[in-house]
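Enquirer: Provided herewith: protein28.txt, compact mmCIF, C-alpha atoms.
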# COMPACT_ATOMS: atom_id res chain seq x y z
CA MET A 1 249.10 -36.23 -17.22
CA LYS A 2 245.56 -37.60 -16.93
CA HIS A 3 245.35 -38.25 -20.68
CA ARG A 4 248.81 -39.82 -20.70
CA LEU A 5 247.78 -42.25 -17.93
CA LEU A 6 244.64 -43.13 -19.90
CA TRP A 7 246.69 -43.98 -22.98
CA ILE A 8 249.08 -46.11 -20.90
CA LEU A 9 246.17 -48.08 -19.43
CA LEU A 10 244.66 -48.56 -22.89
CA ALA A 11 248.00 -49.79 -24.26
CA LEU A 12 248.35 -52.22 -21.35
CA SER A 13 244.87 -53.59 -21.97
CA VAL A 14 245.66 -54.19 -25.65
CA LEU A 15 248.93 -55.87 -24.67
CA TRP A 16 247.11 -58.10 -22.19
CA VAL A 17 244.64 -59.26 -24.85
CA SER A 18 247.50 -59.95 -27.29
CA LEU A 19 249.45 -61.91 -24.67
CA THR A 20 246.51 -64.03 -23.55
CA GLY A 21 245.25 -64.64 -27.10
CA HIS A 22 241.72 -64.48 -25.74
CA PRO A 23 239.13 -64.64 -28.54
CA GLN A 24 236.46 -62.05 -29.15
CA ALA A 25 233.01 -62.44 -30.74
CA THR A 26 233.13 -60.16 -33.79
CA TRP A 27 229.46 -60.53 -34.68
CA ILE A 28 226.40 -62.69 -34.07
CA GLU A 29 223.63 -62.70 -36.68
CA TRP A 30 220.20 -64.31 -36.55
CA TYR A 31 218.39 -65.15 -39.79
CA GLY A 32 214.60 -65.24 -39.84
CA HIS A 33 212.60 -67.54 -42.10
CA GLU A 34 208.91 -68.14 -42.67
CA ASP A 35 209.32 -71.71 -41.38
CA GLU A 36 211.19 -73.22 -38.46
CA VAL A 37 214.85 -73.81 -39.35
CA HIS A 38 217.07 -76.60 -38.00
CA VAL A 39 220.67 -75.88 -38.97
CA GLY A 40 222.88 -78.65 -40.34
CA GLY A 41 226.11 -76.69 -40.76
CA VAL A 42 227.96 -73.96 -42.64
CA LEU A 43 230.09 -74.07 -45.80
CA ASP A 44 232.91 -71.60 -46.44
CA MET A 45 232.44 -70.78 -50.15
CA GLY A 46 235.34 -68.31 -50.24
CA THR A 47 233.51 -65.04 -50.91
CA GLU A 48 230.43 -65.99 -48.88
CA TYR A 49 229.11 -68.54 -46.38
CA TRP A 50 226.30 -71.02 -46.95
CA LEU A 51 224.31 -71.68 -43.79
CA TYR A 52 222.22 -74.75 -44.59
CA GLY A 53 219.68 -76.88 -42.82
CA THR A 54 216.08 -78.02 -42.83
CA SER A 55 213.08 -75.72 -43.10
CA VAL A 56 210.11 -77.29 -41.33
CA ALA A 57 206.68 -75.96 -42.29
CA SER A 58 204.71 -78.73 -40.61
CA MET A 59 205.28 -81.99 -38.79
CA ASP A 60 201.73 -83.29 -39.21
CA PRO A 61 201.60 -83.84 -42.12
CA PRO A 62 205.38 -83.67 -42.68
CA ALA A 63 206.43 -80.73 -44.84
CA ALA A 64 210.13 -79.95 -44.93
CA GLY A 65 212.89 -79.04 -47.36
CA ILE A 66 216.53 -78.02 -47.63
CA VAL A 67 217.09 -74.34 -46.92
CA VAL A 68 220.31 -72.47 -47.74
CA LEU A 69 221.00 -68.97 -46.43
CA LYS A 70 223.75 -67.20 -48.37
CA VAL A 71 225.66 -64.84 -46.07
CA GLN A 72 228.37 -62.28 -46.77
CA THR A 73 231.62 -62.59 -44.83
CA ASP A 74 230.51 -59.77 -42.51
CA GLY A 75 227.35 -61.70 -41.58
CA THR A 76 224.96 -59.76 -43.84
CA LEU A 77 222.28 -61.94 -45.40
CA ILE A 78 222.45 -61.92 -49.20
CA HIS A 79 219.19 -63.78 -49.80
CA PRO A 80 216.51 -64.48 -47.16
CA VAL A 81 216.17 -67.97 -48.63
CA SER A 82 218.54 -68.99 -51.39
CA TYR A 83 217.16 -72.40 -52.29
CA ASP A 84 214.41 -74.56 -50.87
CA TRP A 85 214.07 -78.15 -52.06
CA ASP A 86 211.09 -80.22 -51.00
CA GLY A 87 211.05 -83.90 -50.22
CA VAL A 88 213.46 -84.15 -47.29
CA THR A 89 212.90 -84.36 -43.57
CA SER A 90 216.47 -83.43 -42.63
CA ALA A 91 219.47 -81.74 -44.24
CA ALA A 92 222.15 -82.92 -41.84
CA ASP A 93 225.39 -82.33 -43.72
CA ALA A 94 226.92 -80.95 -46.92
CA VAL A 95 230.29 -81.06 -48.67
CA ILE A 96 231.85 -79.26 -51.65
CA ASP A 97 233.29 -81.50 -54.37
CA GLU A 98 236.36 -80.80 -56.53
CA ALA A 99 234.23 -79.11 -59.21
CA GLY A 100 232.67 -76.71 -56.70
CA ASN A 101 229.33 -78.51 -56.62
CA VAL A 102 227.59 -79.15 -53.32
CA LEU A 103 226.41 -82.53 -52.06
CA PHE A 104 223.69 -82.39 -49.39
CA ALA A 105 222.84 -85.42 -47.26
CA GLY A 106 220.19 -86.34 -44.73
CA ARG A 107 216.89 -88.17 -44.53
CA THR A 108 214.08 -88.26 -47.12
CA ASN A 109 210.77 -89.85 -47.92
CA ALA A 110 210.93 -88.68 -51.55
CA TYR A 111 213.14 -89.53 -54.56
CA GLY A 112 211.76 -93.08 -54.57
CA ALA A 113 212.58 -93.82 -50.94
CA VAL A 114 211.02 -96.83 -49.22
CA GLY A 115 209.76 -95.37 -45.96
CA PHE A 116 212.65 -93.10 -44.97
CA ASP A 117 216.04 -93.42 -46.64
CA ALA A 118 219.38 -91.64 -46.61
CA TYR A 119 219.80 -89.34 -49.59
CA VAL A 120 222.43 -87.31 -51.45
CA LEU A 121 221.34 -84.29 -53.48
CA LYS A 122 223.96 -82.79 -55.79
CA THR A 123 223.62 -79.18 -56.94
CA ASP A 124 225.79 -76.70 -58.77
CA PRO A 125 226.90 -73.49 -56.99
CA SER A 126 223.78 -71.69 -58.23
CA GLY A 127 221.50 -74.28 -56.65
CA GLN A 128 220.44 -76.18 -59.77
CA THR A 129 219.88 -79.87 -59.10
CA LEU A 130 222.37 -82.10 -60.91
CA ALA A 131 221.53 -85.49 -59.38
CA GLU A 132 219.68 -87.13 -56.51
CA TRP A 133 220.25 -90.56 -55.00
CA VAL A 134 218.76 -92.58 -52.15
CA TYR A 135 220.35 -95.31 -50.06
CA GLY A 136 218.49 -97.70 -47.80
CA ASP A 137 216.95 -101.06 -47.22
CA ALA A 138 213.73 -102.34 -45.70
CA LEU A 139 214.15 -100.31 -42.50
CA ASP A 140 214.54 -96.53 -42.15
CA GLU A 141 217.93 -94.93 -42.91
CA SER A 142 219.23 -91.39 -42.45
CA ALA A 143 222.57 -89.71 -43.15
CA ALA A 144 224.35 -87.65 -40.51
CA ARG A 145 227.64 -87.02 -42.35
CA ILE A 146 229.05 -87.08 -45.89
CA PHE A 147 232.77 -86.61 -46.61
CA PRO A 148 235.35 -87.57 -49.29
CA GLY A 149 237.23 -90.84 -49.07
CA THR A 150 240.68 -91.48 -50.49
CA HIS A 151 239.69 -92.92 -53.88
CA GLY A 152 237.52 -90.11 -55.28
CA ASP A 153 234.55 -91.63 -53.48
CA TYR A 154 232.47 -90.51 -50.47
CA TYR A 155 231.47 -91.96 -47.13
CA LEU A 156 227.81 -91.58 -46.21
CA VAL A 157 227.37 -92.22 -42.48
CA GLY A 158 224.23 -92.15 -40.37
CA ASN A 159 221.65 -94.37 -38.72
CA GLN A 160 219.36 -97.26 -39.47
CA THR A 161 216.24 -97.36 -37.32
CA ASN A 162 213.42 -99.81 -36.89
CA PRO A 163 210.07 -97.98 -36.89
CA ASP A 164 208.35 -101.09 -35.47
CA ASP A 165 210.58 -101.17 -32.37
CA PRO A 166 210.00 -97.91 -30.49
CA ILE A 167 211.60 -97.45 -27.11
CA ALA A 168 209.48 -97.16 -23.97
CA ASP A 169 209.54 -93.36 -23.93
CA ALA A 170 210.23 -91.97 -27.39
CA SER A 171 210.64 -88.43 -26.09
CA THR A 172 213.67 -89.20 -23.90
CA PRO A 173 216.68 -90.16 -26.05
CA GLY A 174 217.23 -89.53 -29.74
CA TYR A 175 216.70 -85.76 -29.93
CA GLY A 176 216.01 -84.72 -33.52
CA GLY A 177 213.55 -87.45 -34.43
CA LEU A 178 215.79 -90.51 -34.06
CA ASP A 179 213.51 -91.97 -31.44
CA PHE A 180 213.57 -95.63 -32.47
CA ARG A 181 215.91 -98.52 -31.80
CA SER A 182 218.85 -97.39 -33.89
CA GLY A 183 222.34 -98.36 -35.06
CA PRO A 184 225.12 -97.04 -37.33
CA TYR A 185 224.64 -97.16 -41.09
CA VAL A 186 227.63 -96.65 -43.43
CA ALA A 187 227.82 -96.58 -47.24
CA ARG A 188 230.69 -95.87 -49.63
CA ILE A 189 229.49 -94.21 -52.81
CA GLN A 190 231.06 -93.20 -56.11
CA PRO A 191 230.75 -89.72 -57.70
CA SER A 192 228.18 -91.31 -60.04
CA GLY A 193 226.01 -92.12 -57.02
CA ALA A 194 226.58 -95.87 -57.24
CA ALA A 195 227.14 -97.55 -53.87
CA ASP A 196 230.24 -99.74 -53.59
CA TRP A 197 228.75 -101.18 -50.42
CA LYS A 198 226.23 -100.47 -47.65
CA ARG A 199 226.51 -101.78 -44.12
CA ASP A 200 224.42 -101.59 -40.97
CA PHE A 201 225.81 -102.26 -37.50
CA ARG A 202 222.69 -102.71 -35.42
CA THR A 203 222.57 -103.89 -31.82
CA THR A 204 219.83 -104.18 -29.22
CA ALA A 205 220.87 -100.75 -27.89
CA ASN A 206 219.47 -97.43 -29.02
CA GLU A 207 222.69 -96.17 -30.62
CA VAL A 208 222.54 -92.83 -32.44
CA VAL A 209 225.36 -91.63 -34.74
CA PHE A 210 226.38 -87.99 -34.41
CA ASP A 211 229.64 -87.69 -36.34
CA ALA A 212 232.20 -89.49 -38.49
CA ALA A 213 235.68 -88.87 -39.86
CA LEU A 214 238.15 -90.26 -42.38
CA ALA A 215 241.08 -92.33 -41.08
CA TYR A 216 244.56 -91.69 -42.44
CA ASN A 217 244.49 -94.97 -44.44
CA GLY A 218 241.02 -94.51 -45.94
CA ASP A 219 238.99 -96.27 -43.23
CA CYS A 220 236.03 -94.57 -41.58
CA TYR A 221 235.60 -93.65 -37.92
CA VAL A 222 232.04 -93.41 -36.58
CA LEU A 223 231.01 -91.68 -33.33
CA SER A 224 227.73 -92.53 -31.64
CA THR A 225 225.96 -92.35 -28.31
CA ALA A 226 224.28 -95.46 -26.94
CA TYR A 227 221.29 -94.28 -24.90
CA GLY A 228 220.81 -96.50 -21.87
CA PHE A 229 217.20 -95.53 -21.18
CA PRO A 230 215.50 -96.76 -19.11
CA ASN A 231 217.86 -98.90 -17.02
CA ALA A 232 221.45 -97.84 -17.75
CA GLU A 233 223.66 -94.80 -18.25
CA ASP A 234 224.48 -93.43 -21.69
CA ALA A 235 227.77 -94.48 -23.31
CA LEU A 236 230.02 -92.94 -25.93
CA CYS A 237 230.96 -95.34 -28.76
CA VAL A 238 233.65 -95.13 -31.44
CA HIS A 239 233.68 -97.58 -34.38
CA ARG A 240 236.33 -98.12 -37.02
CA VAL A 241 234.95 -99.36 -40.35
CA ALA A 242 237.43 -100.58 -42.98
CA ASP A 243 237.28 -99.14 -46.50
CA HIS A 244 235.85 -102.49 -47.67
CA GLY A 245 232.96 -102.18 -45.19
CA GLY A 246 234.03 -104.57 -42.45
CA MET A 247 233.92 -103.60 -38.77
CA MET A 248 237.49 -103.46 -37.44
CA TRP A 249 236.74 -102.55 -33.82
CA LYS A 250 234.35 -100.77 -31.51
CA ARG A 251 235.25 -99.00 -28.27
CA THR A 252 232.74 -97.95 -25.61
CA PHE A 253 233.32 -95.28 -22.95
CA GLY A 254 230.52 -95.19 -20.42
CA ALA A 255 232.08 -93.72 -17.29
CA GLY A 256 229.82 -91.15 -15.69
CA SER A 257 227.16 -91.34 -18.40
CA SER A 258 229.16 -90.10 -21.39
CA LYS A 259 227.79 -88.76 -24.68
CA GLY A 260 229.71 -88.20 -27.93
CA TYR A 261 228.77 -85.46 -30.40
CA GLY A 262 231.86 -84.32 -32.33
CA LEU A 263 234.79 -86.21 -33.88
CA HIS A 264 238.07 -85.03 -35.43
CA ALA A 265 240.78 -87.24 -36.94
CA LEU A 266 244.37 -85.99 -36.60
CA ASP A 267 247.06 -86.57 -39.23
CA SER A 268 248.90 -88.66 -36.63
CA GLY A 269 246.03 -91.17 -36.59
CA TRP A 270 244.77 -90.06 -33.20
CA LEU A 271 241.12 -89.11 -32.68
CA LEU A 272 239.63 -86.25 -30.66
CA VAL A 273 236.07 -86.68 -29.40
CA ALA A 274 233.82 -83.93 -28.03
CA GLY A 275 230.76 -84.53 -25.91
CA SER A 276 229.64 -84.46 -22.29
CA ARG A 277 230.25 -86.46 -19.14
CA ARG A 278 228.78 -86.41 -15.67
CA ILE A 279 231.80 -86.52 -13.38
CA GLU A 280 231.64 -88.30 -10.02
CA GLY A 281 230.03 -86.13 -7.35
CA GLY A 282 228.90 -83.51 -9.86
CA GLU A 283 225.28 -82.49 -10.26
CA GLU A 284 225.61 -81.33 -13.87
CA PRO A 285 227.33 -82.91 -16.90
CA GLN A 286 230.49 -81.16 -18.08
CA GLY A 287 231.93 -80.68 -21.55
CA LEU A 288 234.11 -83.66 -22.48
CA LEU A 289 237.21 -83.89 -24.66
CA LEU A 290 238.63 -87.37 -25.17
CA MET A 291 241.81 -88.14 -27.13
CA LEU A 292 242.13 -91.66 -28.52
CA SER A 293 244.95 -93.50 -30.24
CA ALA A 294 244.56 -94.91 -33.76
CA ILE A 295 243.32 -98.19 -32.25
CA GLY A 296 240.79 -96.47 -30.00
CA ARG A 297 242.63 -96.51 -26.68
CA GLU A 298 242.29 -93.50 -24.38
CA VAL A 299 245.32 -91.18 -24.39
CA TRP A 300 243.77 -88.51 -22.16
CA SER A 301 240.41 -87.04 -21.26
CA GLY A 302 239.27 -83.84 -19.59
CA THR A 303 236.07 -82.07 -18.61
CA PHE A 304 235.48 -78.37 -19.17
CA GLY A 305 232.94 -75.72 -18.28
CA ASP A 306 231.38 -74.17 -15.19
CA PRO A 307 230.92 -76.94 -12.58
CA GLY A 308 227.60 -75.36 -11.61
CA ALA A 309 226.23 -75.44 -15.16
CA ALA A 310 225.36 -78.17 -17.66
CA THR A 311 227.89 -78.09 -20.49
CA ALA A 312 228.10 -80.10 -23.73
CA LEU A 313 230.65 -79.76 -26.54
CA HIS A 314 229.22 -80.46 -29.99
CA ALA A 315 231.66 -79.31 -32.68
CA LEU A 316 235.44 -79.56 -33.16
CA ALA A 317 238.10 -77.94 -35.34
CA GLU A 318 241.90 -77.93 -35.54
CA THR A 319 243.79 -74.66 -36.02
CA ASP A 320 246.80 -74.13 -38.28
CA ASP A 321 249.10 -73.99 -35.23
CA GLY A 322 248.03 -77.41 -33.95
CA LEU A 323 245.51 -76.37 -31.30
CA PHE A 324 241.97 -77.70 -30.99
CA VAL A 325 238.82 -75.64 -30.55
CA ALA A 326 235.52 -77.10 -29.34
CA ALA A 327 232.18 -75.28 -29.22
CA GLY A 328 228.96 -76.18 -27.47
CA THR A 329 226.41 -74.89 -25.00
CA GLN A 330 226.26 -74.19 -21.29
CA ILE A 331 223.19 -73.58 -19.16
CA ALA A 332 223.19 -72.66 -15.47
CA ASP A 333 219.43 -72.37 -14.93
CA HIS A 334 217.33 -75.01 -16.67
CA ALA A 335 214.15 -73.09 -15.90
CA SER A 336 215.36 -70.04 -17.86
CA TYR A 337 215.42 -71.68 -21.32
CA GLU A 338 218.55 -69.61 -21.98
CA ASP A 339 221.87 -71.14 -23.02
CA ASP A 340 225.32 -69.64 -23.41
CA ILE A 341 227.71 -70.67 -26.15
CA TYR A 342 230.80 -72.17 -24.56
CA ILE A 343 234.08 -72.37 -26.50
CA VAL A 344 237.32 -73.93 -25.27
CA CYS A 345 240.76 -74.29 -26.84
CA VAL A 346 243.25 -77.00 -25.82
CA ASP A 347 246.65 -78.21 -26.98
CA ILE A 348 247.60 -81.72 -28.09
CA TYR A 349 247.96 -82.75 -24.42
CA GLY A 350 244.53 -81.48 -23.39
CA GLU A 351 245.85 -78.42 -21.56
CA MET A 352 243.41 -75.51 -21.78
CA GLN A 353 244.72 -72.48 -23.70
CA TRP A 354 241.62 -70.32 -23.32
CA GLU A 355 237.87 -70.52 -22.87
CA GLU A 356 235.05 -68.14 -23.70
CA THR A 357 231.37 -67.95 -22.74
CA ILE A 358 229.01 -65.94 -24.94
CA SER A 359 225.51 -65.12 -23.69
CA MET A 360 222.77 -65.76 -26.25
CA GLY A 361 219.64 -64.89 -24.26
CA LYS A 362 217.66 -67.84 -25.63
CA HIS A 363 217.81 -71.61 -26.03
CA VAL A 364 220.48 -72.52 -28.61
CA VAL A 365 221.98 -75.62 -30.22
CA VAL A 366 225.50 -75.59 -31.72
CA GLU A 367 225.84 -77.67 -34.89
CA ASP A 368 229.09 -76.70 -36.64
CA LEU A 369 232.47 -75.03 -36.17
CA VAL A 370 234.65 -73.91 -39.10
CA VAL A 371 238.19 -72.51 -38.96
CA LEU A 372 238.71 -69.73 -41.51
CA ASP A 373 241.86 -69.00 -43.51
CA ASP A 374 242.45 -65.75 -41.60
CA GLY A 375 242.56 -67.55 -38.22
CA GLY A 376 239.02 -66.71 -37.12
CA PHE A 377 236.25 -69.25 -36.97
CA LEU A 378 232.50 -69.58 -37.39
CA VAL A 379 230.01 -71.20 -35.01
CA ALA A 380 226.71 -72.21 -36.61
CA GLY A 381 223.49 -73.40 -35.03
CA GLY A 382 219.91 -72.60 -34.22
CA GLY A 383 217.87 -71.30 -31.34
CA ALA A 384 214.69 -69.70 -30.12
CA GLU A 385 213.00 -68.06 -27.19
CA ALA A 386 210.47 -70.17 -25.30
CA GLY A 387 207.43 -70.89 -27.45
CA GLU A 388 208.99 -69.51 -30.63
CA PRO A 389 210.15 -71.49 -33.71
CA PHE A 390 213.84 -72.28 -34.16
CA GLN A 391 215.85 -69.91 -36.36
CA ALA A 392 219.43 -70.02 -37.66
CA PHE A 393 222.39 -68.11 -36.26
CA LEU A 394 226.00 -67.57 -37.28
CA LEU A 395 228.71 -66.36 -34.89
CA ARG A 396 232.15 -65.10 -35.93
CA VAL A 397 234.93 -65.32 -33.34
CA ASP A 398 238.43 -63.87 -33.81
CA PRO A 399 241.57 -64.57 -31.78
Is it possible to give me this structure as structure tokens?

Expert:
Amino acid sequence: MKHRLLWILLALSVLWVSLTGHPQATWIEWYGHEDEVHVGGVLDMGTEYWLYGTSVASMDPPAAGIVVLKVQTDGTLIHPVSYDWDGVTSAADAVIDEAGNVLFAGRTNAYGAVGFDAYVLKTDPSGQTLAEWVYGDALDESAARIFPGTHGDYYLVGNQTNPDDPIADASTPGYGGLDFRSGPYVARIQPSGAADWKRDFRTTANEVVFDAALAYNGDCYVLSTAYGFPNAEDALCVHRVADHGGMMWKRTFGAGSSKGYGLHALDSGWLLVAGSRRIEGGEEPQGLLLMLSAIGREVWSGTFGDPGAATALHALAETDDGLFVAAGTQIADHASYEDDIYIVCVDIYGEMQWEETISMGKHVVVEDLVVLDDGGFLVAGGGAEAGEPFQAFLLRVDP
């Protein structure tokens, strides 16, 4: 009788998990490296994952390169360091082209750059360099995102900064080195590397681009945060840039000091934004999801996370069944230097379907979220204990 009751309770627990659809962390793997690693994202290569980013050996003098960690689908590291290219100061994004080659993008002071420029480095699947291109003008440019357009071309989206116009306190806004007066920078490039056009959209604000997405008609959406230091609150900004390079519109959402980090374009033309917002009366910022129409008008918004903790959502993905998953970080005790990973799933109306908090035991930053063909997804980022260099991590979560 005792064993029968045990089996009944076990069956009920399995049924409860299946009914709630609550996700479970299958594995978390950390990947050591001789240098500090700042993760840009993860590529699903089919039989393996490529966790890529920037390996930083020294900041004075600068010594950095692209690092790629090849990982089996169970999280096992295939090579401690697959490839390491010098001459870059950031590897912010990567995309796979139709031939299976990989295009990396970020910021460089090599390849003939004037000061710092945005770059694209094209390699074959084995890591052999096929081409390298730089894009910039008299000021400093950097790429945050690269993605295919609708004409066989690519959008390269990032920032243009003025190194001669530093803000009053360079350590406050612009985490990641973008600590100058900054504005969006967008280029449309051909597979040959030739630029159809390059545009900068600078203002007097310190506006830092974090994400971008392709519109249904071939235009480009750009997401940025305008840092209001020292006299104003931060504001979330969404731009729509036409495929010929002209600015169509810009929307600003500044209520409660809002920040935008992740952007996803729906097939319907709507946009979902992830970030953070300090709600009225709250001591800590909460994770923000903001749905916009195709012309940038708010459809709905919601905040998520523990009200007693600081939460920010950084990465977004859409599931095959039309739900939306956002991943970020949550910290309850700022003195602990320990973040949790916070993941939330909502429907098209912003109604929460589930949420999950995963303790990491150290300071972490979430950079990417990828939905896999089997319904699971990967969370990629970096982290470290206090006083230690940043290393890369990969987290697999299954429904």

Enquirer: Could you check which residues have any atom within 8 Å of (216.7, -70.0, -25.0), counting all atoms listed in the file with coordinates taken straight from the file, and then list them as a PDB file with C-alpha atoms, keeping the file's coordinate frame?

Expert:
ATOM      1  CA  SER A 336     215.360 -70.040 -17.860  1.00  0.00           C
ATOM      2  CA  TYR A 337     215.420 -71.680 -21.320  1.00  0.00           C
ATOM      3  CA  GLU A 338     218.550 -69.610 -21.980  1.00  0.00           C
ATOM      4  CA  ASP A 339     221.870 -71.140 -23.020  1.00  0.00           C
ATOM      5  CA  MET A 360     222.770 -65.760 -26.250  1.00  0.00           C
ATOM      6  CA  GLY A 361     219.640 -64.890 -24.260  1.00  0.00           C
ATOM      7  CA  LYS A 362     217.660 -67.840 -25.630  1.00  0.00           C
ATOM      8  CA  HIS A 363     217.810 -71.610 -26.030  1.00  0.00           C
ATOM      9  CA  VAL A 364     220.480 -72.520 -28.610  1.00  0.00           C
ATOM     10  CA  GLY A 383     217.870 -71.300 -31.340  1.00  0.00           C
ATOM     11  CA  ALA A 384     214.690 -69.700 -30.120  1.00  0.00           C
ATOM     12  CA  GLU A 385     213.000 -68.060 -27.190  1.00  0.00           C
ATOM     13  CA  ALA A 386     210.470 -70.170 -25.300  1.00  0.00           C
TER      14      ALA A 386
END

Enquirer: Using all atoms listed in the file, find the one residue out of A:Leu395, A:Gly322, A:Ala294, A:Gly46 that sits nearest to A:Ile341.

Expert: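 Among A:Leu395, A:Gly322, A:Ala294, A:Gly46, it is A:Leu395 that comes nearest to A:Ile341.
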
Enquirer: Could you check how far atom CA of A:Thr311 sits from atom CA of A:Arg278, in Å to one decimal?

Expert: 9.7 Å

Enquirer: If we count all atoms listed in the file and set the cut-off at 8 Å, which residues sit around A:Val95, ignoring sequence neighbours fewer than 2 positions away in its own chain? Please answer as a ChimeraX atom specification.

Expert: /A:43,93,97,102-104,146-147

Enquirer: Hey, which of A:Leu313, A:Met248, A:Ile348, A:Ala255 ends up closest to A:Ser268? Count all atoms listed in the file.

Expert: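 For A:Ser268, the nearest of the given residues is A:Ile348.
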
Enquirer: So how far away is atom CA of A:Phe390 from atom CA of A:Gly40, in Å?

Expert: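 Going from atom CA of A:Gly40 over to atom CA of A:Phe390, I get 12.7 Å.
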
Enquirer: Rounded to one decimal, what separation in Å do you get between atom CA of A:Ser182 and atom CA of A:Glu141?

Expert: 9.4 Å

Enquirer: Could you check which of A:Gly32, A:His239, A:Tyr349, A:Arg277 is closest to A:Val299, using all atoms listed in the file?

Expert: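 Going through A:Gly32, A:His239, A:Tyr349, A:Arg277 one by one, the smallest distance to A:Val299 is for A:Tyr349.
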
Enquirer: Report, as AutoDock Vina command-line options, the centre and edge lengths in Å (one decimal) of the axis-aligned box enclosing every listed atom of stretch 302-319 of chain A, padded by 5 Å on each side.

Expert:
--center_x 234.6 --center_y -79.0 --center_z -23.8 --size_x 28.4 --size_y 19.7 --size_z 34.4

Enquirer: Determine the nearest neighbour of A:Tyr31 from the options A:Gly65, A:Pro163, A:Gly75, A:Gly305, counting only C-alpha atoms.

Expert: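 Answer, going by the shortest atom-to-atom distance: A:Gly75.
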
Enquirer: Just want the 6 Å neighbourhood of A:Ala309, counted on only C-alpha atoms, with same-chain residues fewer than 3 positions away dropped. Output as a PyMOL selection string.

Expert: chain A and resi 306+331-332

Enquirer: Looking at A:Gly193, A:Gly275, A:Gly256, A:Gly328, which one is nearest to A:Ala131, with distances taken over only C-alpha atoms?

Expert: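 Comparing A:Gly193, A:Gly275, A:Gly256, A:Gly328 against A:Ala131, the winner is A:Gly193.
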
Enquirer: Using only C-alpha atoms, determine which residues lie at most 7 Å from A:Thr252, disregarding the query and same-chain residues fewer than 5 positions distant; provide the list as a list of chain:residue names.

Expert: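 Answer for this query is A:Ala235, A:Leu236, A:Cys237, A:Val238.
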
Enquirer: Between A:Gly149, A:Gly254, A:Pro184, A:Gly41, which one has atoms that come closest to A:Arg202, using all atoms listed in the file?

Expert: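 Between A:Gly149, A:Gly254, A:Pro184, A:Gly41, the residue approaching A:Arg202 most closely is A:Pro184.
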
Enquirer: Which residues, written as a list of chain:residue names, have at least one atom at most 8 Å from A:Tyr216, with all atoms listed in the file counted and residues fewer than 2 positions away on the same chain left out?

Expert: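 Selected residues are A:Leu214, A:Gly218, A:Asp219, A:Asp267, A:Ser268, A:Gly269.
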
Enquirer: Could the residues in this selection be saved with C-alpha atoms as an mmCIF file, keeping the file's coordinate frame?

Expert:
data_model
loop_
_atom_site.group_PDB
_atom_site.id
_atom_site.type_symbol
_atom_site.label_atom_id
_atom_site.label_comp_id
_atom_site.auth_asym_id
_atom_site.auth_seq_id
_atom_site.Cartn_x
_atom_site.Cartn_y
_atom_site.Cartn_z
ATOM 1 C CA LEU A 214 238.150 -90.260 -42.380
ATOM 2 C CA GLY A 218 241.020 -94.510 -45.940
ATOM 3 C CA ASP A 219 238.990 -96.270 -43.230
ATOM 4 C CA ASP A 267 247.060 -86.570 -39.230
ATOM 5 C CA SER A 268 248.900 -88.660 -36.630
ATOM 6 C CA GLY A 269 246.030 -91.170 -36.590
#

Enquirer: Taking 3 positions as the minimum chain separation for residues in the same chain, which residues sit within 9 Å of A:Thr225 when counting only C-alpha atoms? Answer as a ChimeraX atom specification.

Expert: /A:206-210,234-238,258-261
